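Visitor: This one is work-v8.cif, mmCIF, C-alpha atoms.
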```
data_upload
#
loop_
_atom_site.label_atom_id
_atom_site.label_comp_id
_atom_site.auth_asym_id
_atom_site.auth_seq_id
_atom_site.Cartn_x
_atom_site.Cartn_y
_atom_site.Cartn_z
CA MET R 23 0.00 0.00 0.00
CA SER R 24 1.15 3.72 -0.60
CA ALA R 25 1.44 6.36 2.08
CA PRO R 26 -0.62 9.52 1.66
CA ALA R 27 0.57 13.02 1.28
CA LYS R 28 0.46 15.12 4.39
CA SER R 29 -2.76 17.02 4.59
CA THR R 30 -2.23 20.72 4.12
CA SER R 31 -5.48 21.50 5.93
CA ARG R 32 -5.36 22.75 9.48
CA LEU R 33 -6.89 20.70 12.23
CA PRO R 34 -10.49 21.73 12.89
CA PRO R 35 -11.42 23.67 16.04
CA GLY R 36 -11.49 21.44 19.08
CA GLY R 37 -7.90 20.23 18.99
CA ARG R 38 -7.64 17.05 20.99
CA ARG R 39 -11.41 16.58 21.00
CA THR R 40 -11.25 15.72 17.30
CA ALA R 41 -8.35 13.27 17.66
CA PRO R 42 -10.65 10.23 18.20
CA ILE R 43 -12.29 10.99 14.84
CA GLY R 44 -8.87 11.01 13.18
CA ILE R 45 -7.86 7.78 14.88
CA ALA R 46 -11.13 6.10 13.87
CA LEU R 47 -10.58 7.18 10.25
CA ARG R 48 -6.99 5.89 10.33
CA VAL R 49 -8.13 2.49 11.64
CA LEU R 50 -10.91 2.45 9.03
CA SER R 51 -8.37 3.10 6.27
CA GLY R 52 -6.39 0.09 7.49
CA VAL R 53 -9.49 -2.12 7.36
CA LEU R 54 -10.26 -0.90 3.84
CA PHE R 55 -6.70 -1.50 2.64
CA VAL R 56 -6.80 -5.05 3.99
CA ALA R 57 -10.18 -5.60 2.31
CA MET R 58 -8.57 -4.48 -0.94
CA SER R 59 -5.66 -6.86 -0.35
CA CYS R 60 -8.08 -9.73 0.23
CA CYS R 61 -9.73 -9.02 -3.12
CA VAL R 62 -6.35 -8.93 -4.85
CA LYS R 63 -5.34 -12.18 -3.13
CA GLY R 64 -8.55 -13.83 -4.27
CA LEU R 65 -7.89 -12.74 -7.87
CA SER R 66 -4.18 -13.56 -8.03
CA ASP R 67 -4.55 -17.08 -9.44
CA ALA R 68 -7.01 -16.11 -12.19
CA VAL R 69 -6.37 -12.51 -13.27
CA PRO R 70 -3.06 -10.98 -14.47
CA VAL R 71 -1.42 -8.43 -12.19
CA GLY R 72 -1.62 -5.66 -14.79
CA GLN R 73 -5.37 -6.13 -15.16
CA ILE R 74 -5.80 -5.98 -11.36
CA VAL R 75 -3.71 -2.78 -11.23
CA PHE R 76 -5.93 -1.19 -13.88
CA PHE R 77 -9.21 -1.97 -12.10
CA ARG R 78 -7.78 -1.05 -8.70
CA SER R 79 -6.69 2.36 -10.00
CA PHE R 80 -9.42 3.22 -12.52
CA VAL R 81 -12.34 2.32 -10.26
CA ALA R 82 -10.68 4.22 -7.38
CA LEU R 83 -11.06 7.41 -9.42
CA VAL R 84 -14.82 7.32 -8.77
CA PRO R 85 -14.76 7.82 -4.97
CA LEU R 86 -11.72 10.08 -5.34
CA ILE R 87 -13.49 12.46 -7.74
CA VAL R 88 -16.58 12.48 -5.51
CA PHE R 89 -14.32 13.35 -2.57
CA LEU R 90 -12.65 16.19 -4.48
CA ILE R 91 -16.05 17.60 -5.47
CA TRP R 92 -17.19 17.38 -1.84
CA CYS R 93 -14.04 19.24 -0.77
CA ARG R 94 -14.68 21.83 -3.52
CA GLU R 95 -11.29 21.03 -5.06
CA TRP R 96 -12.61 19.81 -8.43
CA PRO R 97 -11.18 20.60 -10.87
CA HIS R 98 -9.09 23.59 -9.75
CA GLY R 99 -7.43 21.53 -7.00
CA LEU R 100 -5.67 19.45 -9.67
CA ALA R 101 -3.59 22.38 -10.89
CA THR R 102 0.10 21.64 -10.46
CA ARG R 103 3.39 23.43 -10.88
CA ARG R 104 5.39 20.21 -10.67
CA PRO R 105 4.22 17.75 -13.34
CA PHE R 106 7.58 15.98 -13.49
CA GLY R 107 7.57 15.60 -9.71
CA HIS R 108 4.19 13.88 -9.98
CA LEU R 109 5.53 11.69 -12.76
CA ALA R 110 8.48 10.54 -10.64
CA ARG R 111 6.27 9.83 -7.61
CA CYS R 112 3.67 8.05 -9.73
CA GLY R 113 6.28 5.94 -11.51
CA LEU R 114 7.77 4.66 -8.28
CA GLY R 115 4.37 4.19 -6.65
CA CYS R 116 3.00 2.39 -9.68
CA LEU R 117 5.91 -0.05 -9.74
CA ALA R 118 5.31 -0.61 -6.02
CA MET R 119 1.67 -1.44 -6.74
CA PHE R 120 2.67 -4.04 -9.32
CA THR R 121 5.20 -5.67 -6.96
CA SER R 122 2.85 -5.53 -3.96
CA PHE R 123 0.08 -7.29 -5.90
CA ALA R 124 2.60 -9.87 -7.08
CA THR R 125 3.62 -10.36 -3.44
CA LEU R 126 -0.01 -10.98 -2.46
CA GLY R 127 -0.16 -13.73 -5.07
CA LEU R 128 2.78 -15.52 -3.44
CA LEU R 129 2.41 -14.86 0.29
CA PRO R 130 -0.38 -14.73 2.87
CA VAL R 131 -1.99 -11.31 3.30
CA ALA R 132 -0.47 -10.86 6.76
CA GLU R 133 3.08 -11.48 5.54
CA ALA R 134 2.66 -9.21 2.53
CA THR R 135 1.27 -6.50 4.84
CA LEU R 136 4.16 -6.94 7.25
CA LEU R 137 6.75 -6.49 4.49
CA GLY R 138 5.02 -3.25 3.55
CA TYR R 139 6.10 -1.86 6.92
CA LEU R 140 9.70 -1.85 5.64
CA SER R 141 9.13 1.35 3.66
CA PRO R 142 9.88 3.83 6.51
CA LEU R 143 13.07 1.89 7.21
CA PHE R 144 14.17 2.15 3.59
CA VAL R 145 13.41 5.87 3.72
CA VAL R 146 16.17 6.08 6.33
CA LEU R 147 18.59 4.23 4.07
CA LEU R 148 17.77 6.40 1.04
CA ALA R 149 17.52 9.76 2.82
CA GLY R 150 21.27 9.90 3.42
CA PRO R 151 22.57 9.53 -0.15
CA LEU R 152 19.57 11.12 -1.91
CA LEU R 153 18.67 13.98 0.42
CA ARG R 154 22.05 14.29 2.14
CA GLU R 155 20.40 13.99 5.54
CA ALA R 156 22.41 12.99 8.57
CA VAL R 157 21.13 9.63 9.83
CA PRO R 158 21.44 9.36 13.63
CA LEU R 159 22.27 6.09 15.36
CA VAL R 160 18.74 5.51 16.67
CA ARG R 161 17.38 5.37 13.12
CA TRP R 162 20.05 2.87 12.12
CA LEU R 163 18.88 0.77 15.09
CA GLY R 164 15.35 0.81 13.66
CA VAL R 165 16.64 -0.30 10.26
CA LEU R 166 18.65 -3.13 11.84
CA LEU R 167 15.60 -4.38 13.74
CA GLY R 168 13.42 -4.30 10.63
CA LEU R 169 15.90 -6.10 8.41
CA SER R 170 16.42 -8.69 11.14
CA GLY R 171 12.69 -9.36 10.94
CA VAL R 172 12.94 -10.02 7.20
CA VAL R 173 15.84 -12.43 7.78
CA CYS R 174 13.77 -14.15 10.48
CA LEU R 175 10.85 -14.52 8.06
CA ALA R 176 13.00 -15.85 5.22
CA MET R 177 15.43 -18.03 7.16
CA PRO R 178 13.30 -21.23 7.29
CA GLU R 179 12.83 -21.07 3.52
CA ILE R 180 16.49 -20.60 2.62
CA GLY R 181 17.38 -24.17 3.48
CA ASP R 182 14.43 -25.44 1.43
CA ALA R 183 14.81 -23.04 -1.47
CA VAL R 184 14.16 -25.79 -4.01
CA ASP R 185 10.88 -26.73 -2.33
CA THR R 186 9.66 -23.20 -1.62
CA PRO R 187 10.93 -20.96 -4.44
CA ASN R 188 7.66 -19.04 -4.74
CA ARG R 189 7.73 -18.09 -1.09
CA LEU R 190 11.27 -16.77 -1.31
CA ILE R 191 10.36 -14.86 -4.47
CA GLY R 192 7.35 -13.43 -2.62
CA ILE R 193 9.53 -12.24 0.25
CA GLY R 194 11.94 -10.69 -2.24
CA MET R 195 9.06 -8.95 -4.03
CA GLY R 196 7.78 -7.66 -0.70
CA VAL R 197 11.19 -6.19 0.13
CA LEU R 198 11.33 -4.60 -3.33
CA THR R 199 7.87 -3.12 -2.71
CA GLY R 200 9.14 -1.51 0.49
CA LEU R 201 12.13 -0.05 -1.36
CA LEU R 202 10.01 1.35 -4.20
CA THR R 203 7.48 2.76 -1.72
CA ALA R 204 10.31 4.45 0.16
CA GLY R 205 11.43 6.15 -3.05
CA ALA R 206 7.85 7.30 -3.65
CA LEU R 207 7.64 8.62 -0.09
CA LEU R 208 10.80 10.67 -0.51
CA GLN R 209 9.35 12.22 -3.65
CA LEU R 210 6.10 12.74 -1.77
CA ARG R 211 7.94 14.84 0.81
CA ARG R 212 8.88 17.29 -1.92
CA LEU R 213 5.45 17.32 -3.56
CA ALA R 214 3.55 17.81 -0.30
CA GLN R 215 5.22 21.19 0.17
CA THR R 216 3.32 22.70 -2.78
CA GLU R 217 0.76 20.15 -4.02
CA SER R 218 -2.61 19.18 -2.53
CA ALA R 219 -3.20 15.64 -1.29
CA GLY R 220 -6.14 15.35 -3.71
CA ALA R 221 -3.98 16.19 -6.73
CA ILE R 222 -1.29 13.73 -5.67
CA ALA R 223 -3.83 10.91 -5.23
CA PHE R 224 -5.64 11.73 -8.47
CA TYR R 225 -2.56 11.75 -10.68
CA PHE R 226 -1.32 8.56 -9.05
CA ALA R 227 -4.58 6.77 -9.89
CA VAL R 228 -4.50 8.05 -13.46
CA VAL R 229 -0.89 6.97 -14.09
CA CYS R 230 -1.49 3.53 -12.56
CA SER R 231 -4.61 3.11 -14.70
CA VAL R 232 -2.61 3.87 -17.84
CA ALA R 233 0.20 1.54 -16.75
CA GLY R 234 -2.25 -1.26 -16.05
CA LEU R 235 -4.00 -0.72 -19.39
CA ALA R 236 -0.65 -0.93 -21.16
CA THR R 237 -0.40 -4.59 -20.11
CA VAL R 238 -3.33 -5.61 -22.34
CA PRO R 239 -0.96 -7.03 -25.01
CA ALA R 240 0.59 -9.26 -22.35
CA GLY R 241 -2.75 -11.02 -22.04
CA TRP R 242 -5.85 -10.05 -20.10
CA VAL R 243 -8.67 -12.47 -19.30
CA MET R 244 -12.44 -12.20 -19.42
CA PRO R 245 -13.34 -12.16 -15.71
CA SER R 246 -16.22 -14.17 -14.35
CA THR R 247 -18.99 -12.39 -12.49
CA THR R 248 -17.31 -13.12 -9.16
CA GLU R 249 -13.94 -11.94 -10.42
CA LEU R 250 -15.46 -8.75 -11.81
CA VAL R 251 -17.06 -8.03 -8.45
CA LEU R 252 -13.70 -8.54 -6.74
CA LEU R 253 -11.94 -6.26 -9.25
CA VAL R 254 -14.46 -3.46 -8.75
CA THR R 255 -14.48 -3.94 -4.98
CA ALA R 256 -10.67 -3.75 -4.87
CA GLY R 257 -10.82 -0.39 -6.63
CA LEU R 258 -13.55 0.99 -4.39
CA MET R 259 -11.86 -0.22 -1.21
CA GLY R 260 -8.50 1.20 -2.28
CA GLY R 261 -10.00 4.56 -3.23
CA MET R 262 -12.01 4.88 -0.01
CA ALA R 263 -8.98 3.81 2.04
CA HIS R 264 -6.98 6.72 0.63
CA ILE R 265 -9.83 9.11 1.37
CA ALA R 266 -10.17 7.88 4.96
CA MET R 267 -6.41 8.21 5.44
CA THR R 268 -6.38 11.74 4.03
CA LEU R 269 -9.29 12.79 6.26
CA SER R 270 -7.61 11.29 9.33
CA PHE R 271 -4.80 13.85 9.01
CA ARG R 272 -7.37 16.64 9.10
CA TYR R 273 -8.61 15.58 12.53
CA ALA R 274 -5.44 14.40 14.27
CA GLU R 275 -1.71 14.99 14.12
CA ALA R 276 0.54 12.41 12.51
CA SER R 277 2.13 11.64 15.89
CA ALA R 278 -1.27 10.57 17.27
CA LEU R 279 -2.06 8.45 14.24
CA ALA R 280 1.26 6.67 13.70
CA PRO R 281 0.79 3.82 16.23
CA PHE R 282 -2.60 2.93 14.77
CA GLU R 283 -1.10 2.28 11.34
CA TYR R 284 0.21 -1.01 12.72
CA SER R 285 -3.27 -2.21 13.67
CA THR R 286 -3.54 -3.18 10.00
CA ILE R 287 -1.55 -6.34 10.70
CA LEU R 288 -4.37 -7.55 12.98
CA TRP R 289 -6.94 -7.22 10.20
CA ALA R 290 -4.57 -8.97 7.81
CA VAL R 291 -4.15 -11.93 10.19
CA LEU R 292 -7.95 -12.15 10.54
CA CYS R 293 -8.27 -12.05 6.76
CA ASP R 294 -5.89 -15.00 6.38
CA LEU R 295 -7.69 -16.93 9.11
CA LEU R 296 -11.28 -16.34 8.02
CA LEU R 297 -10.95 -16.24 4.23
CA PHE R 298 -7.89 -18.29 3.36
CA GLY R 299 -7.71 -20.72 6.28
CA GLY R 300 -4.19 -19.80 7.35
CA LEU R 301 -2.79 -19.03 10.78
CA PRO R 302 0.56 -17.24 11.28
CA ASP R 303 3.27 -19.39 12.82
CA PRO R 304 5.63 -18.41 15.67
CA ILE R 305 8.27 -17.36 13.16
CA PHE R 306 5.86 -14.81 11.69
CA ALA R 307 5.15 -13.48 15.19
CA ALA R 308 8.88 -13.02 15.83
CA ALA R 309 9.41 -11.38 12.45
CA ALA R 310 6.43 -9.08 12.98
CA ALA R 311 7.75 -8.00 16.39
CA LEU R 312 11.14 -7.10 14.89
CA VAL R 313 9.80 -5.29 11.81
CA ILE R 314 7.16 -3.31 13.72
CA ALA R 315 9.63 -2.47 16.50
CA GLY R 316 12.09 -1.17 13.93
CA ALA R 317 9.42 0.91 12.18
CA LEU R 318 8.17 2.34 15.49
CA VAL R 319 11.71 3.31 16.50
CA VAL R 320 12.09 5.27 13.26
CA VAL R 321 8.60 6.81 13.42
CA ARG R 322 8.99 7.81 17.07
CA HIS R 323 12.32 9.48 16.34
CA GLU R 324 10.81 11.37 13.40
CA MET R 325 7.85 12.56 15.49
CA THR R 326 10.15 13.71 18.31
CA ARG R 327 12.27 15.63 15.84
CA ALA R 328 9.20 17.20 14.24
CA ARG R 329 7.91 18.38 17.64
CA ARG R 330 11.34 19.80 18.48
CA ASP R 331 11.41 21.69 15.18
CA ARG R 332 7.94 23.13 15.80
CA VAL R 333 8.99 24.36 19.25
CA ALA R 334 12.17 25.91 17.86
CA ALA R 335 10.43 27.61 14.91
CA PRO R 336 8.85 30.54 16.86
CA ALA R 337 12.20 31.34 18.46
CA ASP R 338 13.84 31.40 15.03
CA ASP R 339 11.15 33.80 13.75
CA ARG R 340 11.94 36.24 16.52
#
```
Let's see the structure in the file written out as C-alpha cells.
Guide:
Amino acid sequence: MSAPAKSTSRLPPGGRRTAPIGIALRVLSGVLFVAMSCCVKGLSDAVPVGQIVFFRSFVALVPLIVFLIWCREWPHGLATRRPFGHLARCGLGCLAMFTSFATLGLLPVAEATLLGYLSPLFVVLLAGPLLREAVPLVRWLGVLLGLSGVVCLAMPEIGDAVDTPNRLIGIGMGVLTGLLTAGALLQLRRLAQTESAGAIAFYFAVVCSVAGLATVPAGWVMPSTTELVLLVTAGLMGGMAHIAMTLSFRYAEASALAPFEYSTILWAVLCDLLLFGGLPDPIFAAAAALVIAGALVVVRHEMTRARRDRVAAPADDR
C-alpha cells in the first residue's frame, strides 16, 4: 500500500477533541486497505497483475473524484506546478503497486502486509545519499531491527529453497515493494510542500490506470462475475482507504495516528484466518515483532524531531 501526502489543511477547532475521529478514520483506512488486499489475493490465481492494477486504480477514481467535489477542489485543485515531480512519484508508486500485488499472489496477506512496513526503514537508508540527511544512530537501530525481521521470516525457507521458491520470491518482491514505496515517499515529501493531497492521489490513480491498461498485449482475461465483483471492490476499497487516510490527518496529528497504522496487521491476520484458512506461525510473530519495533523506532524518532522543530520555529522567527 502507498502512504498519503500530508494534509495541508489545518486541524479543525477542538484540537484534541477531534483526535478520536482522526484515529477512527486511520483504523478504518487500514481495514479498507486489507479488504482491498483480500480481493487482490482472491484474484491472483485467475487474473493478471496488470489487469488488477488497472481496475484497482481506474475504479478508485470514482470515490476520489466524488471526494474532491465534496471538498470543492474539483477541478481547480488538480492544478500543479510540478508535473515531473508527480511523474516521478507516480512511476515509483505504480511499480510498487505491481510488486505488492505480485507479493499478495505468493504470500499470505499478513506477511505481505508486514513487508510493507519496511518502507519507513528504507526511507532512512535512502535519505542519506539522496537527500544528504544525517542519519542518527537511533534510526540505524530501527533499520537493523526491521531487516532482522525479514531475515527471520526468510530463514526457514532458505534451506528449502528448491521446495519453496515461490515463497522466497514473494519475500523478495515484498522487500522490493518496500524499497520502491520508500522512493515514492521521498518524492512525496517534496510534492507535499506545494501540491494538494487530492492532486497527488488523483494523478497517481491516473498513471497507474494507464500503466495497467498498457499490459493488455501481455494477455488479459475475461473475468467471471465473481472476479469482476472482486476487481471493482478492490478499486472501491482502495479509493475509499486513501480518502479515509487523508481525512484522518485533518482531525489528528501524525504523531497521534502513527501507532494505529500497525493495527492493519491484525486485520490482515484475521483475513488470512477467516478467508484463506491460514494461521501465522511463531516465526511470523517473531518477524512481525522485529519489523514493527524497527518501524516504530524510526517513526517515534521522526515525530520527536518534528515536535522539536515546531517548538524551535517561533524562536527562530523572533
Visitor: Hey, which of R:Leu312, R:Ser285, R:Gly113, R:Met325 ends up closest to R:Val165? Count all atoms listed in the file.
Guide: R:Leu312
Visitor: Run the PyMOL selection byres ((chain R and resi 82) around 9) against the file shown and list the residues it catches, as a CSV table (one decimal) with C-alpha atoms, in the coordinates of the input.
Guide:
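Okay, selection-v4.csv is ready:
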```csv
chain,number,residue,atom,x,y,z
R,77,PHE,CA,-9.2,-2.0,-12.1
R,78,ARG,CA,-7.8,-1.0,-8.7
R,79,SER,CA,-6.7,2.4,-10.0
R,80,PHE,CA,-9.4,3.2,-12.5
R,81,VAL,CA,-12.3,2.3,-10.3
R,83,LEU,CA,-11.1,7.4,-9.4
R,84,VAL,CA,-14.8,7.3,-8.8
R,85,PRO,CA,-14.8,7.8,-5.0
R,86,LEU,CA,-11.7,10.1,-5.3
R,87,ILE,CA,-13.5,12.5,-7.7
R,227,ALA,CA,-4.6,6.8,-9.9
R,254,VAL,CA,-14.5,-3.5,-8.8
R,256,ALA,CA,-10.7,-3.8,-4.9
R,257,GLY,CA,-10.8,-0.4,-6.6
R,258,LEU,CA,-13.6,1.0,-4.4
R,259,MET,CA,-11.9,-0.2,-1.2
R,260,GLY,CA,-8.5,1.2,-2.3
R,261,GLY,CA,-10.0,4.6,-3.2
R,262,MET,CA,-12.0,4.9,0.0
```
Visitor: Give the answer as one residue: which of R:Trp289, R:Ala41, R:Val145, R:Ala266 has the shortest atom-to-atom distance to R:Trp162, using all atoms listed in the file?
Guide: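 For R:Trp162, the nearest of the candidates is R:Val145.
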Visitor: Just how far from atom CA of R:Cys112 is atom CA of R:Leu207, in Å to one decimal?
Guide: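 Taking atom CA of R:Leu207 and atom CA of R:Cys112, their separation equals 10.4 Å.
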Visitor: Select, from R:Gln73, R:Thr102, R:Thr199, R:Ser66, the residue with the minimum atom-to-atom distance to R:Pro130, counting all atoms listed in the file.
Guide: R:Ser66
Visitor: To one decimal in Å, tell me the separation between atom CA of R:Glu275 and atom CA of R:Pro158.
Guide: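 Those two atoms sit 23.8 Å apart.
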Visitor: For this structure, which residues satisfy the selection - the PyMOL selection byres ((chain R and resi 270) around 10) - when it is evaluated on the file as given? I want them as a list in words.
Guide: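 So the PyMOL selection byres ((chain R and resi 270) around 10), applied here, picks out Ser29, Leu33, Thr40, Ala41, Pro42, Ile43, Gly44, Ile45, Ala46, Leu47, Arg48, Val49, Leu50, Ser51, His264, Ile265, Ala266, Met267, Thr268, Leu269, Phe271, Arg272, Tyr273, Ala274, Glu275, Ala276 and Leu279 of chain R.
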